[in-house]
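Source file: my_file14.json. Holds: JSON, C-alpha atoms and all ligand atoms.
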```
[["chain", "number", "residue", "atom", "x", "y", "z"],
["A", 1, "MET", "CA", 30.95, 0.44, -19.15],
["A", 2, "LYS", "CA", 28.66, 0.50, -22.17],
["A", 3, "ARG", "CA", 27.77, -3.14, -21.64],
["A", 4, "LEU", "CA", 26.97, -2.44, -18.02],
["A", 5, "LEU", "CA", 24.66, 0.37, -19.07],
["A", 6, "ILE", "CA", 22.81, -1.81, -21.56],
["A", 7, "LEU", "CA", 22.47, -4.57, -18.98],
["A", 8, "THR", "CA", 21.07, -2.13, -16.43],
["A", 9, "VAL", "CA", 18.50, -0.84, -18.90],
["A", 10, "LEU", "CA", 17.51, -4.40, -19.82],
["A", 11, "ILE", "CA", 17.08, -5.35, -16.19],
["A", 12, "LEU", "CA", 15.09, -2.22, -15.35],
["A", 13, "THR", "CA", 12.79, -2.26, -18.38],
["A", 14, "PRO", "CA", 10.27, -4.74, -17.03],
["A", 15, "ILE", "CA", 10.32, -2.96, -13.67],
["A", 16, "LEU", "CA", 9.85, 0.56, -15.00],
["A", 17, "GLY", "CA", 7.57, -0.18, -17.89],
["A", 18, "PHE", "CA", 5.31, -2.79, -16.33],
["A", 19, "THR", "CA", 1.67, -2.86, -17.09],
["A", 20, "SER", "CA", -0.74, -5.05, -15.21],
["A", 21, "GLY", "CA", -2.70, -7.96, -16.67],
["A", 22, "GLY", "CA", -5.60, -5.82, -17.92],
["A", 23, "GLY", "CA", -3.34, -3.70, -20.09],
["A", 24, "ILE", "CA", -3.80, -0.69, -17.82],
["A", 25, "SER", "CA", -0.64, 0.99, -16.58],
["A", 26, "LEU", "CA", -0.15, 1.68, -12.90],
["A", 27, "GLU", "CA", -0.63, 5.21, -11.63],
["A", 28, "THR", "CA", 1.80, 6.78, -9.20],
["A", 29, "ALA", "CA", 0.41, 6.93, -5.69],
["A", 30, "ASN", "CA", 1.39, 10.36, -4.48],
["A", 31, "ILE", "CA", 1.34, 9.51, -0.78],
["A", 32, "ASP", "CA", 3.06, 11.19, 2.15],
["A", 33, "LEU", "CA", 3.75, 8.82, 5.04],
["A", 34, "HIS", "CA", 4.52, 11.78, 7.32],
["A", 35, "ASP", "CA", 1.01, 13.15, 6.87],
["A", 36, "LYS", "CA", -0.55, 11.76, 10.07],
["A", 37, "ALA", "CA", -4.01, 13.08, 9.19],
["A", 38, "SER", "CA", -3.91, 11.13, 5.92],
["A", 39, "LEU", "CA", -2.83, 7.93, 7.74],
["A", 40, "GLN", "CA", -5.59, 8.43, 10.34],
["A", 41, "ARG", "CA", -8.23, 8.86, 7.63],
["A", 42, "GLY", "CA", -6.83, 5.79, 5.87],
["A", 43, "ALA", "CA", -7.18, 3.79, 9.10],
["A", 44, "LYS", "CA", -10.77, 5.00, 9.46],
["A", 45, "TYR", "CA", -11.67, 3.98, 5.90],
["A", 46, "PHE", "CA", -9.93, 0.64, 6.35],
["A", 47, "MET", "CA", -11.77, -0.21, 9.57],
["A", 48, "ASN", "CA", -15.10, 0.88, 8.07],
["A", 49, "TYR", "CA", -14.88, -0.55, 4.56],
["A", 50, "CYS", "CA", -12.27, -3.31, 4.57],
["A", 51, "ALA", "CA", -11.87, -4.85, 8.04],
["A", 52, "GLY", "CA", -15.11, -6.82, 7.67],
["A", 53, "CYS", "CA", -13.21, -9.16, 5.36],
["A", 54, "HIS", "CA", -9.47, -8.37, 5.56],
["A", 55, "SER", "CA", -7.28, -8.70, 8.64],
["A", 56, "LEU", "CA", -3.98, -6.93, 9.37],
["A", 57, "LYS", "CA", -2.81, -9.75, 11.57],
["A", 58, "TYR", "CA", 0.89, -8.80, 11.72],
["A", 59, "ALA", "CA", 0.00, -5.47, 13.31],
["A", 60, "ARG", "CA", -1.40, -4.54, 16.71],
["A", 61, "TYR", "CA", -3.93, -1.83, 17.51],
["A", 62, "ASN", "CA", -1.77, -0.08, 20.11],
["A", 63, "ARG", "CA", 1.30, 0.08, 17.86],
["A", 64, "MET", "CA", -0.90, 1.58, 15.14],
["A", 65, "ALA", "CA", -2.27, 4.07, 17.68],
["A", 66, "ARG", "CA", 1.24, 5.18, 18.66],
["A", 67, "ASP", "CA", 2.48, 5.48, 15.08],
["A", 68, "LEU", "CA", -0.57, 7.41, 13.91],
["A", 69, "GLY", "CA", -0.51, 9.82, 16.85],
["A", 70, "LEU", "CA", -3.73, 8.49, 18.41],
["A", 71, "THR", "CA", -4.42, 7.44, 22.01],
["A", 72, "ASP", "CA", -5.38, 3.85, 22.83],
["A", 73, "LYS", "CA", -8.78, 5.16, 23.87],
["A", 74, "GLN", "CA", -9.34, 6.89, 20.53],
["A", 75, "VAL", "CA", -8.51, 3.67, 18.70],
["A", 76, "GLN", "CA", -10.70, 1.63, 21.05],
["A", 77, "ASP", "CA", -13.67, 3.97, 20.64],
["A", 78, "ASN", "CA", -13.44, 4.64, 16.90],
["A", 79, "LEU", "CA", -11.42, 1.99, 15.12],
["A", 80, "MET", "CA", -12.04, -1.31, 16.89],
["A", 81, "PHE", "CA", -15.09, -3.23, 15.78],
["A", 82, "VAL", "CA", -14.20, -6.82, 16.70],
["A", 83, "SER", "CA", -16.08, -7.52, 19.94],
["A", 84, "GLY", "CA", -13.93, -8.54, 22.89],
["A", 85, "SER", "CA", -10.69, -7.42, 21.23],
["A", 86, "LYS", "CA", -8.14, -5.45, 23.29],
["A", 87, "VAL", "CA", -5.78, -2.67, 22.16],
["A", 88, "GLY", "CA", -2.79, -4.99, 22.61],
["A", 89, "ASN", "CA", -4.29, -7.52, 20.20],
["A", 90, "GLN", "CA", -3.51, -8.09, 16.56],
["A", 91, "ILE", "CA", -5.91, -6.65, 13.99],
["A", 92, "THR", "CA", -7.84, -9.80, 13.18],
["A", 93, "ILE", "CA", -11.35, -10.37, 11.86],
["A", 94, "SER", "CA", -14.25, -12.55, 12.96],
["A", 95, "MET", "CA", -14.62, -14.34, 9.62],
["A", 96, "SER", "CA", -12.57, -17.55, 9.37],
["A", 97, "GLU", "CA", -10.46, -18.36, 6.34],
["A", 98, "ALA", "CA", -12.78, -21.23, 5.38],
["A", 99, "GLN", "CA", -15.88, -19.01, 5.63],
["A", 100, "GLY", "CA", -14.22, -16.38, 3.48],
["A", 101, "GLU", "CA", -13.36, -18.90, 0.83],
["A", 102, "LYS", "CA", -16.86, -20.39, 0.91],
["A", 103, "TRP", "CA", -18.58, -17.02, 0.60],
["A", 104, "PHE", "CA", -16.33, -15.34, -1.96],
["A", 105, "GLY", "CA", -14.95, -18.32, -3.86],
["A", 106, "ALA", "CA", -11.38, -17.19, -3.12],
["A", 107, "PRO", "CA", -9.45, -16.86, 0.15],
["A", 108, "VAL", "CA", -9.65, -13.32, 1.51],
["A", 109, "PRO", "CA", -5.99, -12.32, 1.93],
["A", 110, "ASP", "CA", -4.52, -10.59, 4.96],
["A", 111, "LEU", "CA", -3.46, -7.09, 3.87],
["A", 112, "THR", "CA", -0.62, -6.24, 6.30],
["A", 113, "LEU", "CA", 2.02, -6.78, 3.62],
["A", 114, "VAL", "CA", 0.01, -6.20, 0.47],
["A", 115, "THR", "CA", 2.02, -3.19, -0.72],
["A", 116, "ARG", "CA", 5.22, -5.18, -0.29],
["A", 117, "ASN", "CA", 4.34, -8.40, -2.03],
["A", 118, "LYS", "CA", 2.77, -6.93, -5.16],
["A", 119, "ILE", "CA", 4.98, -5.81, -8.04],
["A", 120, "GLY", "CA", 4.40, -2.07, -8.18],
["A", 121, "GLY", "CA", 3.68, -1.92, -4.42],
["A", 122, "SER", "CA", 1.73, 1.17, -3.40],
["A", 123, "ASP", "CA", 1.13, 2.16, -7.04],
["A", 124, "TRP", "CA", -0.43, -1.24, -7.65],
["A", 125, "LEU", "CA", -2.77, -0.87, -4.67],
["A", 126, "TYR", "CA", -3.75, 2.69, -5.60],
["A", 127, "THR", "CA", -4.52, 1.73, -9.20],
["A", 128, "TYR", "CA", -6.36, -1.41, -8.05],
["A", 129, "LEU", "CA", -8.64, 0.66, -5.78],
["A", 130, "LYS", "CA", -9.39, 3.03, -8.68],
["A", 131, "SER", "CA", -10.08, 0.29, -11.21],
["A", 132, "PHE", "CA", -13.36, -1.41, -10.28],
["A", 133, "TYR", "CA", -15.89, -1.20, -13.09],
["A", 134, "ILE", "CA", -19.35, -2.52, -13.91],
["A", 135, "ASP", "CA", -19.29, -6.00, -15.51],
["A", 136, "PRO", "CA", -22.61, -7.87, -15.50],
["A", 137, "LYS", "CA", -20.80, -11.13, -16.28],
["A", 138, "ARG", "CA", -19.21, -11.22, -12.82],
["A", 139, "PRO", "CA", -20.99, -12.59, -9.69],
["A", 140, "TYR", "CA", -20.98, -9.19, -7.95],
["A", 141, "GLY", "CA", -21.57, -7.25, -11.16],
["A", 142, "VAL", "CA", -18.07, -5.68, -11.00],
["A", 143, "ASN", "CA", -14.65, -6.47, -12.35],
["A", 144, "ASN", "CA", -11.24, -4.88, -11.89],
["A", 145, "ALA", "CA", -8.91, -3.73, -14.65],
["A", 146, "VAL", "CA", -5.78, -4.40, -12.57],
["A", 147, "PHE", "CA", -6.94, -7.71, -11.09],
["A", 148, "PRO", "CA", -9.12, -9.33, -13.78],
["A", 149, "ASP", "CA", -12.01, -11.44, -12.46],
["A", 150, "VAL", "CA", -11.31, -10.45, -8.87],
["A", 151, "ALA", "CA", -13.54, -12.11, -6.27],
["A", 152, "MET", "CA", -13.89, -8.91, -4.24],
["A", 153, "PRO", "CA", -17.08, -6.83, -4.50],
["A", 154, "ASP", "CA", -16.69, -3.06, -5.06],
["A", 155, "VAL", "CA", -16.99, -2.12, -1.41],
["A", 156, "LEU", "CA", -16.41, 1.57, -2.19],
["A", 157, "ALA", "CA", -19.27, 1.74, -4.70],
["A", 158, "GLU", "CA", -21.19, 4.29, -2.60],
["A", 159, "LEU", "CA", -18.22, 6.68, -2.88],
["A", 160, "ARG", "CA", -17.22, 5.78, -6.43],
["A", 161, "GLY", "CA", -20.70, 5.85, -7.99],
["A", 162, "THR", "CA", -21.10, 3.80, -11.17],
["A", 163, "GLN", "CA", -17.89, 3.33, -13.12],
["A", 164, "THR", "CA", -17.80, 1.87, -16.62],
["A", 165, "ILE", "CA", -14.79, 0.98, -18.77],
["A", 166, "GLU", "CA", -14.10, 1.99, -22.38],
["A", 167, "TYR", "CA", -11.75, 0.29, -24.79],
["A", 168, "LYS", "CA", -10.18, 1.37, -28.04],
["A", 169, "GLU", "CA", -8.98, -0.72, -30.97],
["A", 170, "GLY", "CA", -5.34, -1.69, -30.85],
["A", 171, "LYS", "CA", -2.94, -4.32, -32.06],
["A", 172, "ASN", "CA", -0.97, -6.88, -30.13],
["A", 173, "ALA", "CA", 2.69, -7.74, -30.78],
["A", 174, "ALA", "CA", 1.65, -10.13, -33.57],
["A", 175, "GLY", "CA", -0.37, -7.40, -35.28],
["A", 176, "GLN", "CA", -3.80, -8.85, -34.48],
["A", 177, "PRO", "CA", -6.57, -6.44, -33.46],
["A", 178, "ILE", "CA", -7.30, -6.33, -29.71],
["A", 179, "HIS", "CA", -9.25, -4.16, -27.26],
["A", 180, "VAL", "CA", -6.97, -1.82, -25.34],
["A", 181, "PHE", "CA", -8.00, 0.05, -22.19],
["A", 182, "LYS", "CA", -8.95, 3.64, -23.01],
["A", 183, "GLN", "CA", -10.58, 5.19, -19.97],
["A", 184, "PHE", "CA", -13.07, 4.89, -17.13],
["A", 185, "ARG", "CA", -16.28, 6.88, -16.96],
["A", 186, "ARG", "CA", -17.85, 7.61, -13.61],
["A", 187, "HIS", "CA", -21.41, 8.71, -12.75],
["A", 188, "GLY", "CA", -22.40, 9.86, -9.26],
["A", 189, "GLY", "CA", -20.37, 9.34, -6.11],
["A", 190, "LEU", "CA", -17.80, 11.79, -4.73],
["A", 191, "SER", "CA", -16.01, 14.43, -6.79],
["A", 192, "ASN", "CA", -12.80, 13.29, -8.48],
["A", 193, "ASP", "CA", -10.60, 15.05, -5.92],
["A", 194, "GLU", "CA", -12.50, 13.73, -2.92],
["A", 195, "LEU", "CA", -12.50, 10.19, -4.25],
["A", 196, "ASP", "CA", -8.80, 10.34, -5.07],
["A", 197, "ARG", "CA", -8.13, 11.49, -1.50],
["A", 198, "VAL", "CA", -9.90, 8.36, -0.19],
["A", 199, "PHE", "CA", -7.77, 6.08, -2.40],
["A", 200, "LEU", "CA", -4.57, 7.90, -1.43],
["A", 201, "ASP", "CA", -5.38, 7.79, 2.29],
["A", 202, "LEU", "CA", -6.11, 4.05, 2.10],
["A", 203, "THR", "CA", -2.92, 3.47, 0.10],
["A", 204, "ALA", "CA", -0.85, 5.51, 2.57],
["A", 205, "PHE", "CA", -2.29, 3.59, 5.50],
["A", 206, "LEU", "CA", -1.61, 0.17, 3.96],
["A", 207, "THR", "CA", 1.87, 1.26, 2.85],
["A", 208, "TYR", "CA", 2.64, 2.26, 6.44],
["A", 209, "MET", "CA", 1.25, -1.14, 7.57],
["A", 210, "GLY", "CA", 3.71, -2.96, 5.32],
["A", 211, "GLU", "CA", 6.66, -1.32, 7.01],
["A", 212, "PRO", "CA", 5.85, 0.66, 10.18],
["A", 213, "MET", "CA", 9.56, 1.35, 10.70],
["A", 214, "GLN", "CA", 9.52, 3.64, 7.64],
["A", 215, "LEU", "CA", 8.15, 6.39, 9.86],
["A", 216, "GLU", "CA", 10.99, 6.05, 12.36],
["A", 217, "ARG", "CA", 13.78, 5.27, 9.93],
["A", 218, "ARG", "CA", 14.48, 8.80, 8.79],
["A", 219, "ALA", "CA", 14.44, 10.23, 12.29],
["A", 220, "LEU", "CA", 16.78, 7.45, 13.38],
["A", 221, "GLY", "CA", 19.06, 8.03, 10.38],
["A", 222, "LYS", "CA", 20.11, 11.47, 11.65],
["A", 223, "TRP", "CA", 21.26, 10.01, 14.97],
["A", 224, "VAL", "CA", 23.16, 7.21, 13.26],
["A", 225, "LEU", "CA", 25.06, 9.74, 11.11],
["A", 226, "LEU", "CA", 25.81, 11.88, 14.15],
["A", 227, "PHE", "CA", 27.08, 8.82, 16.02],
["A", 228, "LEU", "CA", 29.31, 7.84, 13.12],
["A", 229, "ALA", "CA", 30.77, 11.36, 12.94],
["A", 230, "VAL", "CA", 31.54, 11.45, 16.66],
["A", 231, "PHE", "CA", 32.92, 7.92, 16.55],
["A", 232, "THR", "CA", 35.19, 8.74, 13.61],
["A", 233, "LEU", "CA", 36.60, 11.72, 15.52],
["A", 234, "LEU", "CA", 37.23, 9.57, 18.60],
["A", 235, "ALA", "CA", 38.90, 6.84, 16.54],
["A", 236, "PHE", "CA", 41.12, 9.44, 14.88],
["A", 237, "LEU", "CA", 42.17, 10.96, 18.20],
["A", 238, "LEU", "CA", 42.83, 7.50, 19.63],
["A", 239, "LYS", "CA", 44.99, 6.59, 16.65],
["A", 240, "LYS", "CA", 47.01, 9.78, 17.11],
["A", 241, "GLU", "CA", 47.47, 9.01, 20.78],
["A", 242, "TYR", "CA", 48.77, 5.46, 20.09],
["A", 243, "TRP", "CA", 51.15, 6.48, 17.35],
["A", 244, "ARG", "CA", 52.67, 9.32, 19.39],
["A", 245, "ASP", "CA", 54.53, 6.70, 21.51],
["A", 246, "VAL", "CA", 55.63, 4.73, 18.45],
["A", 247, "HIS", "CA", 57.19, 7.70, 16.66],
["B", 301, "LIG", "C1", -16.86, -8.33, 1.34],
["B", 301, "LIG", "C2", -15.51, -8.75, 1.61],
["B", 301, "LIG", "C3", -14.41, -7.77, 1.23],
["B", 301, "LIG", "C4", -14.28, -6.47, 1.63],
["B", 301, "LIG", "C5", -15.19, -5.68, 2.56],
["B", 301, "LIG", "C6", -13.05, -6.00, 1.06],
["B", 301, "LIG", "N1", -12.45, -6.97, 0.32],
["B", 301, "LIG", "FE1", -10.64, -6.87, -0.58],
["B", 301, "LIG", "N2", -10.82, -8.79, -1.19],
["B", 301, "LIG", "C7", -11.90, -9.61, -0.95],
["B", 301, "LIG", "C8", -11.67, -10.89, -1.58],
["B", 301, "LIG", "C9", -12.61, -12.09, -1.54],
["B", 301, "LIG", "C10", -10.40, -10.81, -2.22],
["B", 301, "LIG", "C11", -9.68, -11.92, -3.01],
["B", 301, "LIG", "C12", -9.90, -11.67, -4.45],
["B", 301, "LIG", "C13", -9.39, -12.76, -5.35],
["B", 301, "LIG", "O1", -8.45, -13.49, -5.00],
["B", 301, "LIG", "O2", -9.96, -12.88, -6.46],
["B", 301, "LIG", "C14", -9.91, -9.47, -1.96],
["B", 301, "LIG", "C15", -8.70, -9.01, -2.44],
["B", 301, "LIG", "C16", -8.17, -7.76, -2.14],
["B", 301, "LIG", "C17", -6.87, -7.31, -2.57],
["B", 301, "LIG", "C18", -5.86, -8.09, -3.38],
["B", 301, "LIG", "C19", -4.92, -8.72, -2.39],
["B", 301, "LIG", "C20", -3.98, -9.74, -2.94],
["B", 301, "LIG", "O3", -3.03, -10.07, -2.21],
["B", 301, "LIG", "O4", -4.17, -10.21, -4.06],
["B", 301, "LIG", "C21", -6.71, -6.04, -2.09],
["B", 301, "LIG", "C22", -5.51, -5.13, -2.25],
["B", 301, "LIG", "C23", -7.92, -5.71, -1.37],
["B", 301, "LIG", "N3", -8.77, -6.78, -1.43],
["B", 301, "LIG", "C24", -8.13, -4.49, -0.77],
["B", 301, "LIG", "C25", -9.30, -4.17, -0.08],
["B", 301, "LIG", "C26", -9.52, -2.88, 0.52],
["B", 301, "LIG", "C27", -8.52, -1.72, 0.55],
["B", 301, "LIG", "C28", -10.77, -2.91, 1.05],
["B", 301, "LIG", "C29", -11.51, -1.78, 1.72],
["B", 301, "LIG", "C30", -11.66, -0.58, 0.94],
["B", 301, "LIG", "C31", -11.32, -4.25, 0.81],
["B", 301, "LIG", "N4", -10.40, -4.97, 0.11],
["B", 301, "LIG", "C32", -12.56, -4.70, 1.25],
["B", 301, "LIG", "C33", -13.02, -9.31, -0.18],
["B", 301, "LIG", "C34", -13.25, -8.09, 0.42]]
```

Mind turning the file's structure into structure tokens?
Ligand code: HEC
Amino acid sequence: MKRLLILTVLILTPILGFTSGGGISLETANIDLHDKASLQRGAKYFMNYCAGCHSLKYARYNRMARDLGLTDKQVQDNLMFVSGSKVGNQITISMSEAQGEKWFGAPVPDLTLVTRNKIGGSDWLYTYLKSFYIDPKRPYGVNNAVFPDVAMPDVLAELRGTQTIEYKEGKNAAGQPIHVFKQFRRHGGLSNDELDRVFLDLTAFLTYMGEPMQLERRALGKWVLLFLAVFTLLAFLLKKEYWRDVH
């Protein structure tokens, strides 16, 4: 038993205590996937700020409309910017993969599953969105503390304002002095609460995208339990009926 406990702790340590490459720890994304208004705002931000470069090609507009409590018309009028696209289509973009790579120096990834294929999932995405900072050495003048030397510009700069990074002195495992992330400083842009709301809404929306069934699963769970209860009763009664003749 004790061994099992130690093993469990050892296995979980890297999962619970992970920090990302830049030495910054991930923040918990306090999202609520049942908050339809938050998901709708997230969709709006995504289509306005992200869909110029990133597709959601494993999802369709009309499924998103249904899940987010919107009509097809609302989605068509407010959230579809690719000309000629229909509500039954996948959420693709006009830019080809080759163009993206040529312009940004790195392929622009599809984001349908981004919260599922990153270690840290939604927390990773949330912290990534928060962590762009000014770095004159980079082509776009910004870097990211969670994704060092990222090829993505800070597309939310108008909301974020100017964010700089501060380090403190620290030591690595070998005892040598290193710079350790201390904090960000932000000037201009939205208030902290408003900006956080934007990051949370975007994170909620992309988390939903990664697994649309999450919204239905809980509702479905109740019916499955009810079915199992009724079925158990029936099986019990049936067993009694069979054995009455045997006895
Ligand atoms: C101007 C084009 C552009 C826009 C607009 C843009 N991105 Fe990006 N994004 C990129 C590029 C290029 C990369 C690849 C970075 C790399 O590999 O270094 C990227 C990478 C990412 C990644 C990392 C994905 C992975 O699998 O590693 C996430 C998450 C992301 N973007 C989220 C967003 C979100 C959310 C928005 C909208 C708020 C957005 N992006 C808007 C160009 C863009």

task: Identify, counting only C-alpha atoms and all ligand atoms, the protein, DNA and RNA residues located within 6 Å of ligand LIG 301 (chain B), and give them as number ranges by chain.
output: A: 46, 49-50, 52-53, 104, 106-109, 114, 125, 150-152, 155

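You will find atom CA of Gln74 of chain A at 17.3 Å from atom CA of Ala51 of chain A.
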
message: Excluding Asn62 of chain A and its own-chain neighbours fewer than 5 positions away, which residues fall within 7 Å of it when counting all atoms listed in the file? Please give them as JSON, numbers by chain.
response: {"A": [72, 87, 88]}

Would you output that residue set with C-alpha atoms, as a PDB file, in the coordinates of the input?
```
ATOM      1  CA  ASP A  72      -5.380   3.850  22.830  1.00  0.00           C
ATOM      2  CA  VAL A  87      -5.780  -2.670  22.160  1.00  0.00           C
ATOM      3  CA  GLY A  88      -2.790  -4.990  22.610  1.00  0.00           C
TER       4      GLY A  88
END
```

message: I'd like the neighbourhood of Ala43 of chain A as JSON, numbers by chain, where a residue qualifies if any of its atoms comes within 12 Å (using only C-alpha atoms), though same-chain residues fewer than 3 positions away should be ignored.
response: {"A": [36, 37, 38, 39, 40, 46, 47, 48, 49, 50, 51, 56, 61, 64, 65, 67, 68, 69, 70, 75, 78, 79, 80, 91, 198, 199, 200, 201, 202, 203, 204, 205, 206, 207, 208, 209]}

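Considering the residues A:Asn89, A:Ser131, A:Pro148, A:Pro139 and counting only C-alpha atoms, Gln163 of chain A has its shortest atom-to-atom contact with A:Ser131.
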
Who sits within 6 Å of Lys57 of chain A, all atoms listed in the file, same chain under 2 positions skipped, as a PyMOL selection string: chain A and resi 55+59+90-92

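Taking all atoms listed in the file into account, Gly121 of chain A lies nearest to A:Thr28 out of the set A:Thr28, A:Thr164, A:Gln76, A:Asn144.
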
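Distance check against Asp135 of chain A using all atoms listed in the file: of A:Ile165, A:Val246, A:Leu159, A:Ala219, the minimum falls on A:Ile165.
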
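The coordinates place atom CA of Glu216 of chain A at 10.7 Å from atom CA of Leu33 of chain A.
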
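Take the candidates A:Tyr126, A:Phe81, A:Trp243, A:Phe132 and check each one against Arg160 of chain A using only C-alpha atoms; the shortest distance goes to A:Phe132.
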
task: Calculate how many Å separate atom CA of Asp77 of chain A from atom CA of Ile93 of chain A, rounding to one decimal.
output: 17.0 Å

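Restricting the calculation to all atoms listed in the file, the smallest distance between Thr162 of chain A and any of A:Arg186, A:Met213, A:Thr112, A:Arg218 is found for A:Arg186.
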
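Comparing the minimum interatomic distances between Leu111 of chain A and each of A:His54, A:Arg3, A:Lys168, A:Arg63, counting only C-alpha atoms, we find that A:His54 sits nearest.
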
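Counting all atoms listed in the file, Val142 of chain A has the following residues at most 7 Å away, ignoring those fewer than 5 positions along the same chain: Phe132, Tyr133, Ile134, Asp135, Pro136, Pro153 and Asp154 of chain A.
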